[in-house]
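Asker: Provided herewith: coords.tsv, TSV, C-alpha atoms and all ligand atoms.
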chain	number	residue	atom	x	y	z
A	1191	MET	CA	-86.74	-65.15	7.27
A	1192	VAL	CA	-89.95	-63.87	8.80
A	1193	THR	CA	-87.99	-61.94	11.46
A	1194	HIS	CA	-85.75	-60.52	8.78
A	1195	ASN	CA	-88.75	-59.34	6.77
A	1196	LEU	CA	-90.36	-57.87	9.87
A	1197	ILE	CA	-87.22	-55.93	10.68
A	1198	LYS	CA	-87.11	-54.70	7.07
A	1199	LEU	CA	-90.78	-53.75	7.28
A	1200	SER	CA	-90.42	-51.93	10.60
A	1201	SER	CA	-87.34	-50.03	9.46
A	1202	SER	CA	-89.04	-48.89	6.24
A	1203	PHE	CA	-92.10	-47.91	8.32
A	1204	ALA	CA	-89.83	-45.92	10.65
A	1205	GLU	CA	-88.24	-44.23	7.62
A	1206	THR	CA	-91.70	-43.30	6.27
A	1207	ILE	CA	-92.70	-41.80	9.63
A	1208	ASP	CA	-89.41	-39.85	9.80
A	1209	LYS	CA	-89.97	-38.58	6.27
A	1210	MET	CA	-93.53	-37.54	7.16
A	1211	LYS	CA	-92.25	-35.73	10.24
A	1212	ARG	CA	-89.61	-33.89	8.21
A	1213	GLU	CA	-92.20	-32.88	5.61
A	1214	THR	CA	-94.60	-31.50	8.19
A	1215	ASN	CA	-91.91	-30.13	10.49
A	1216	ASN	CA	-94.17	-31.42	13.19
A	1217	ASP	CA	-94.37	-34.46	15.45
A	1218	ASN	CA	-98.08	-34.77	14.91
A	1219	VAL	CA	-97.99	-37.06	11.86
A	1220	LEU	CA	-101.69	-37.85	12.24
A	1221	ASN	CA	-102.52	-34.41	10.82
A	1222	LEU	CA	-100.75	-35.40	7.62
A	1223	ARG	CA	-103.22	-38.20	6.84
A	1224	ARG	CA	-105.90	-35.60	6.19
A	1225	THR	CA	-103.93	-33.75	3.59
A	1226	LYS	CA	-101.67	-36.29	1.95
A	1227	LYS	CA	-102.38	-39.93	1.12
A	1228	MET	CA	-99.44	-42.33	1.03
A	1229	LYS	CA	-100.73	-43.90	-2.21
A	1230	ASP	CA	-103.26	-42.69	-4.78
A	1231	ASP	CA	-106.75	-44.13	-5.36
A	1232	ASN	CA	-105.68	-46.16	-8.40
A	1233	PHE	CA	-103.03	-47.91	-6.35
A	1234	LEU	CA	-105.55	-48.69	-3.59
A	1235	LYS	CA	-108.12	-50.08	-6.05
A	1236	ALA	CA	-105.52	-52.11	-7.96
A	1237	ASN	CA	-104.25	-53.67	-4.74
A	1238	ASN	CA	-107.60	-54.11	-3.00
A	1239	ALA	CA	-107.79	-57.66	-1.53
A	1240	LYS	CA	-104.63	-58.67	-3.41
A	1241	HIS	CA	-102.35	-58.88	-0.41
A	1242	LEU	CA	-104.82	-58.57	2.46
A	1243	TRP	CA	-106.56	-61.75	3.57
A	1244	HIS	CA	-110.04	-60.92	4.85
A	1245	PRO	CA	-111.44	-63.01	7.73
A	1246	MET	CA	-113.82	-65.94	7.24
A	1247	GLY	CA	-113.59	-65.91	3.48
A	1248	HIS	CA	-111.71	-67.23	0.46
A	1249	PRO	CA	-109.22	-64.67	-0.90
A	1250	LYS	CA	-110.50	-65.43	-4.41
A	1251	ASP	CA	-114.02	-64.30	-3.42
A	1252	SER	CA	-112.64	-60.98	-2.11
A	1253	LEU	CA	-110.82	-60.47	-5.40
A	1254	GLU	CA	-113.94	-61.21	-7.46
A	1255	ALA	CA	-116.12	-58.93	-5.33
A	1256	PRO	CA	-113.64	-56.42	-3.90
A	1257	PRO	CA	-114.53	-54.96	-0.49
A	1258	LYS	CA	-115.64	-51.32	-0.38
A	1259	ILE	CA	-112.72	-49.07	0.45
A	1260	ILE	CA	-113.88	-46.71	3.21
A	1261	THR	CA	-111.77	-43.59	3.26
A	1262	GLN	CA	-113.56	-41.27	5.69
A	1263	ALA	CA	-115.89	-41.51	8.65
A	1264	GLU	CA	-117.60	-38.74	10.59
A	1265	GLY	CA	-120.38	-39.14	13.14
A	1266	VAL	CA	-122.67	-41.89	11.79
A	1267	LYS	CA	-121.59	-41.48	8.16
A	1268	ILE	CA	-118.91	-43.24	6.17
A	1269	THR	CA	-117.57	-42.30	2.73
A	1270	ASP	CA	-116.02	-44.70	0.23
A	1271	ILE	CA	-113.16	-44.08	-2.17
A	1272	ASP	CA	-115.58	-42.96	-4.92
A	1273	GLY	CA	-117.25	-40.40	-2.66
A	1274	HIS	CA	-120.41	-42.42	-1.92
A	1275	GLN	CA	-121.74	-41.64	1.51
A	1276	THR	CA	-123.84	-43.90	3.67
A	1277	VAL	CA	-125.02	-44.26	7.27
A	1278	ASP	CA	-123.03	-46.94	9.05
A	1279	ALA	CA	-125.88	-48.57	10.92
A	1280	VAL	CA	-123.65	-51.31	12.37
A	1281	GLY	CA	-121.19	-48.83	13.87
A	1282	GLY	CA	-118.07	-50.42	12.37
A	1283	LEU	CA	-119.13	-53.90	13.51
A	1284	TRP	CA	-120.47	-52.55	16.79
A	1285	CYS	CA	-117.35	-51.01	18.26
A	1286	VAL	CA	-117.97	-47.39	17.21
A	1287	ASN	CA	-120.70	-46.71	19.72
A	1288	LEU	CA	-119.96	-42.99	20.13
A	1289	GLY	CA	-119.65	-42.16	16.44
A	1290	TYR	CA	-116.65	-41.75	14.17
A	1291	SER	CA	-114.15	-38.94	14.67
A	1292	ASN	CA	-115.59	-38.08	18.07
A	1293	ASN	CA	-113.39	-35.20	19.23
A	1294	ARG	CA	-113.37	-36.19	22.90
A	1295	ILE	CA	-112.18	-39.67	21.99
A	1296	LYS	CA	-109.56	-38.41	19.56
A	1297	GLU	CA	-108.22	-35.98	22.16
A	1298	ALA	CA	-108.18	-38.63	24.91
A	1299	ILE	CA	-106.30	-41.11	22.67
A	1300	SER	CA	-103.85	-38.45	21.57
A	1301	LYS	CA	-103.19	-37.25	25.14
A	1302	GLN	CA	-102.71	-40.80	26.34
A	1303	LEU	CA	-100.19	-41.49	23.57
A	1304	TYR	CA	-98.07	-38.65	24.91
A	1305	ASP	CA	-98.54	-39.49	28.62
A	1306	LEU	CA	-97.98	-43.25	28.45
A	1307	PRO	CA	-98.47	-44.95	25.07
A	1308	TYR	CA	-98.56	-48.47	26.50
A	1309	TYR	CA	-97.71	-50.61	29.42
A	1310	SER	CA	-98.61	-54.21	30.10
A	1311	SER	CA	-100.48	-55.47	33.15
A	1312	PHE	CA	-99.46	-59.05	32.49
A	1313	ALA	CA	-97.05	-59.88	35.30
A	1314	GLY	CA	-95.88	-57.60	38.08
A	1315	THR	CA	-96.82	-54.27	36.48
A	1316	THR	CA	-99.90	-52.19	35.83
A	1317	ASN	CA	-100.72	-48.64	34.71
A	1318	PRO	CA	-102.92	-45.77	35.93
A	1319	MET	CA	-105.49	-45.98	33.12
A	1320	ALA	CA	-106.10	-49.71	33.61
A	1321	ILE	CA	-106.68	-49.12	37.34
A	1322	GLU	CA	-109.02	-46.18	36.67
A	1323	ALA	CA	-110.95	-47.89	33.86
A	1324	SER	CA	-111.43	-51.08	35.86
A	1325	TYR	CA	-112.76	-49.01	38.78
A	1326	MET	CA	-115.25	-47.23	36.49
A	1327	VAL	CA	-116.46	-50.40	34.70
A	1328	ARG	CA	-116.78	-52.32	37.95
A	1329	ASN	CA	-118.90	-49.50	39.44
A	1330	LEU	CA	-121.19	-49.52	36.39
A	1331	PHE	CA	-121.93	-53.23	36.90
A	1332	ALA	CA	-121.57	-53.51	40.69
A	1333	GLU	CA	-125.32	-54.07	41.07
A	1334	ASP	CA	-125.06	-57.09	38.77
A	1335	GLY	CA	-122.45	-58.60	41.05
A	1336	MET	CA	-119.34	-57.72	39.04
A	1337	SER	CA	-116.29	-57.68	41.29
A	1338	ARG	CA	-113.41	-57.58	38.79
A	1339	VAL	CA	-112.74	-56.50	35.24
A	1340	PHE	CA	-110.57	-58.43	32.75
A	1341	PHE	CA	-109.43	-56.37	29.78
A	1342	THR	CA	-108.94	-58.04	26.42
A	1343	SER	CA	-108.07	-56.86	22.93
A	1344	GLY	CA	-111.49	-57.49	21.34
A	1345	GLY	CA	-114.56	-59.70	21.12
A	1346	SER	CA	-112.86	-62.92	20.01
A	1347	ASP	CA	-110.22	-62.54	22.69
A	1348	SER	CA	-113.00	-61.96	25.27
A	1349	VAL	CA	-114.88	-65.11	24.24
A	1350	ASP	CA	-111.75	-67.27	24.39
A	1351	THR	CA	-110.88	-65.80	27.79
A	1352	CYS	CA	-114.39	-66.58	29.09
A	1353	LEU	CA	-114.19	-70.19	27.85
A	1354	ARG	CA	-110.82	-70.59	29.51
A	1355	LEU	CA	-111.94	-69.01	32.80
A	1356	ALA	CA	-115.08	-71.16	32.87
A	1357	ARG	CA	-112.86	-74.27	32.73
A	1358	GLN	CA	-110.62	-72.88	35.46
A	1359	TYR	CA	-113.64	-72.06	37.63
A	1360	HIS	CA	-114.92	-75.65	37.61
A	1361	ARG	CA	-111.44	-77.06	38.13
A	1362	ILE	CA	-110.93	-74.86	41.21
A	1363	LYS	CA	-114.37	-75.86	42.48
A	1364	GLY	CA	-113.21	-79.49	42.32
A	1365	GLU	CA	-115.15	-80.46	39.16
A	1366	PRO	CA	-112.43	-80.69	36.48
A	1367	THR	CA	-114.56	-82.93	34.27
A	1368	ARG	CA	-117.12	-80.17	33.66
A	1369	THR	CA	-115.65	-79.23	30.31
A	1370	LYS	CA	-118.59	-79.12	27.89
A	1371	PHE	CA	-119.90	-75.94	26.40
A	1372	ILE	CA	-123.38	-75.32	25.15
A	1373	SER	CA	-123.77	-72.97	22.24
A	1374	LEU	CA	-126.81	-71.42	20.64
A	1375	LYS	CA	-127.74	-72.25	17.07
A	1376	LYS	CA	-126.94	-69.28	14.81
A	1377	GLY	CA	-124.73	-67.76	17.51
A	1378	TYR	CA	-121.52	-65.98	16.57
A	1379	HIS	CA	-118.57	-65.88	18.96
A	1380	GLY	CA	-115.67	-64.67	16.91
A	1381	THR	CA	-112.65	-65.70	14.92
A	1382	HIS	CA	-110.32	-67.20	17.53
A	1383	PHE	CA	-110.13	-70.95	17.91
A	1384	GLY	CA	-112.32	-71.28	21.00
A	1385	GLY	CA	-114.93	-68.83	19.76
A	1386	ALA	CA	-114.96	-70.37	16.28
A	1387	SER	CA	-115.52	-73.79	17.89
A	1388	VAL	CA	-118.67	-72.57	19.63
A	1389	ASN	CA	-119.99	-70.59	16.66
A	1390	GLY	CA	-123.53	-71.90	16.20
A	1391	ASN	CA	-123.68	-70.51	12.68
A	1392	ASN	CA	-122.21	-73.20	10.37
A	1393	ARG	CA	-120.68	-70.63	8.09
A	1394	PHE	CA	-118.34	-69.52	10.84
A	1395	ARG	CA	-117.53	-72.99	12.24
A	1396	ILE	CA	-117.57	-75.94	9.82
A	1397	ASN	CA	-114.36	-75.07	7.97
A	1398	TYR	CA	-112.38	-75.20	11.22
A	1399	GLU	CA	-113.65	-78.51	12.58
A	1400	PRO	CA	-112.89	-80.78	14.42
A	1401	TYR	CA	-113.77	-78.68	17.44
A	1402	TYR	CA	-110.95	-77.30	19.46
A	1403	LEU	CA	-112.90	-77.68	22.69
A	1404	ALA	CA	-114.46	-80.82	24.16
A	1405	VAL	CA	-118.08	-81.47	23.25
A	1406	PHE	CA	-120.75	-79.11	22.10
A	1407	ILE	CA	-124.46	-79.36	21.91
A	1408	PHE	CA	-126.00	-76.90	19.54
A	1409	LEU	CA	-129.35	-75.80	20.75
A	1410	ALA	CA	-132.07	-73.99	18.93
A	1411	HIS	CA	-132.19	-70.29	19.51
A	1412	THR	CA	-135.52	-69.59	21.21
A	1413	PRO	CA	-135.92	-70.19	24.96
A	1414	ILE	CA	-138.74	-72.74	24.41
A	1415	GLU	CA	-136.67	-74.68	21.87
A	1416	ILE	CA	-133.70	-74.55	24.24
A	1417	LEU	CA	-135.83	-76.00	27.03
A	1418	LEU	CA	-137.20	-78.74	24.76
A	1419	MET	CA	-133.74	-79.72	23.57
A	1420	LYS	CA	-132.35	-79.68	27.08
A	1421	LEU	CA	-134.92	-82.28	27.96
A	1422	THR	CA	-134.00	-84.44	24.95
A	1423	PRO	CA	-131.03	-86.79	25.59
A	1424	ARG	CA	-128.24	-86.52	23.03
A	1425	ASN	CA	-125.10	-88.55	22.43
A	1501	LIG	C1	-121.21	-62.08	20.30
A	1501	LIG	C2	-119.88	-61.80	19.67
A	1501	LIG	N1	-118.81	-62.48	20.12
A	1501	LIG	C3	-117.58	-62.27	19.56
A	1501	LIG	C4	-117.40	-61.37	18.52
A	1501	LIG	C5	-116.02	-61.18	17.92
A	1501	LIG	O1	-115.52	-59.91	18.21
A	1501	LIG	P1	-114.23	-59.31	17.46
A	1501	LIG	O2	-114.63	-59.12	16.03
A	1501	LIG	O3	-113.96	-58.01	18.19
A	1501	LIG	O4	-113.10	-60.27	17.62
A	1501	LIG	C6	-118.48	-60.66	18.04
A	1501	LIG	C7	-118.28	-59.72	16.93
A	1501	LIG	O5	-119.14	-59.39	16.21
A	1501	LIG	C8	-119.76	-60.88	18.62
A	1501	LIG	O6	-120.84	-60.23	18.18
Please express what this file holds, its structure, as structure tokens.
Answerer:
Amino acid sequence: MVTHNLIKLSSSFAETIDKMKRETNNDNVLNLRRTKKMKDDNFLKANNAKHLWHPMGHPKDSLEAPPKIITQAEGVKITDIDGHQTVDAVGGLWCVNLGYSNNRIKEAISKQLYDLPYYSSFAGTTNPMAIEASYMVRNLFAEDGMSRVFFTSGGSDSVDTCLRLARQYHRIKGEPTRTKFISLKKGYHGTHFGGASVNGNNRFRINYEPYYLAVFIFLAHTPIEILLMKLTPRN
């Protein structure tokens, strides 16, 4: 059923893209987004949070206090559907560190999509950009002792990968029983199961308990408190 719906969804998506291409007479469908919206503002407002489940929250809460619909972003500024402009001081949850609509980034992404849109480096294959990017990142952190780079799809994926590799490290070193993780009070480590298990902030952890990982000791968040708690035996 799910597969059937996915196929239906992907074929109607493909039809939409084909229609957009025909209308523009141009392969560059991205240009179209600027001039023609797929649905009008009333549709977007009426359907806001109705079908989209927002992370770490109850869908009912999102319906009662609908999220702001951001329609444009340029440099440090974002604009919502009603034309209100504001400075995005968190940089789109910290991943827009070079500003929105940065031309060099847009051009690089666009060029890459034409050269090689995607290829996996999972088993037995790799691709030029992954080799080049790992070389550059490794050089940036060589002084800190970095020898290899592991690419992930985001912060939560990174945290879960780190937790997993830490376990593997101790197992290879002959200490497979070293499985506990220590997490800082108020810390946030993402939405995946491992990261959510070590979230120090209750709001991002309690609903998903019992912990996915072994045992956790939540320490206070200042170095002195951490030291004091380290010295205090806990069960
Ligand atoms: C310390 C830390 N870990 C993990 C995450 C989760 O990252 P993502 O939202 O990309 O999954 C965040 C995101 O804010 C973070 O600040």
Asker: Rounded to one decimal, what separation in Å do you get between atom CA of Asn1389 of chain A and atom CA of Gly1345 of chain A?
Answerer: 13.0 Å
Asker: Using all atoms listed in the file, find each protein or nucleic acid residue lying at most 8 Å from ligand LIG 1501 (chain A); present the set as a CSV table (one decimal) with C-alpha atoms, keeping the file's coordinate frame.
Answerer:
chain,number,residue,atom,x,y,z
A,1283,LEU,CA,-119.1,-53.9,13.5
A,1284,TRP,CA,-120.5,-52.6,16.8
A,1285,CYS,CA,-117.4,-51.0,18.3
A,1343,SER,CA,-108.1,-56.9,22.9
A,1344,GLY,CA,-111.5,-57.5,21.3
A,1345,GLY,CA,-114.6,-59.7,21.1
A,1346,SER,CA,-112.9,-62.9,20.0
A,1347,ASP,CA,-110.2,-62.5,22.7
A,1348,SER,CA,-113.0,-62.0,25.3
A,1349,VAL,CA,-114.9,-65.1,24.2
A,1377,GLY,CA,-124.7,-67.8,17.5
A,1378,TYR,CA,-121.5,-66.0,16.6
A,1379,HIS,CA,-118.6,-65.9,19.0
A,1380,GLY,CA,-115.7,-64.7,16.9
A,1381,THR,CA,-112.6,-65.7,14.9
A,1382,HIS,CA,-110.3,-67.2,17.5
A,1385,GLY,CA,-114.9,-68.8,19.8
Asker: Find the residues near Ser1337 of chain A: any atom within 10 Å, counting all atoms listed in the file, skip ones fewer than 2 places away on the same chain, and give them as a VMD selection string.
Answerer: chain A and resid 1324 to 1325 1327 to 1329 1331 to 1335 1339
Asker: Which residue out of A:Arg1354, A:Arg1395, A:Lys1301, A:Lys1258 has the minimum interatomic distance to Ala1239 of chain A when only C-alpha atoms are used?
Answerer: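 Looking at the shortest contact to Ala1239 of chain A, the residue is A:Lys1258.
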Asker: For atom CA of Thr1351 of chain A and atom CA of Phe1394 of chain A, quote the distance in Å rounded to one decimal.
Answerer: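 Rounded to one decimal, the two atoms are 18.9 Å apart.
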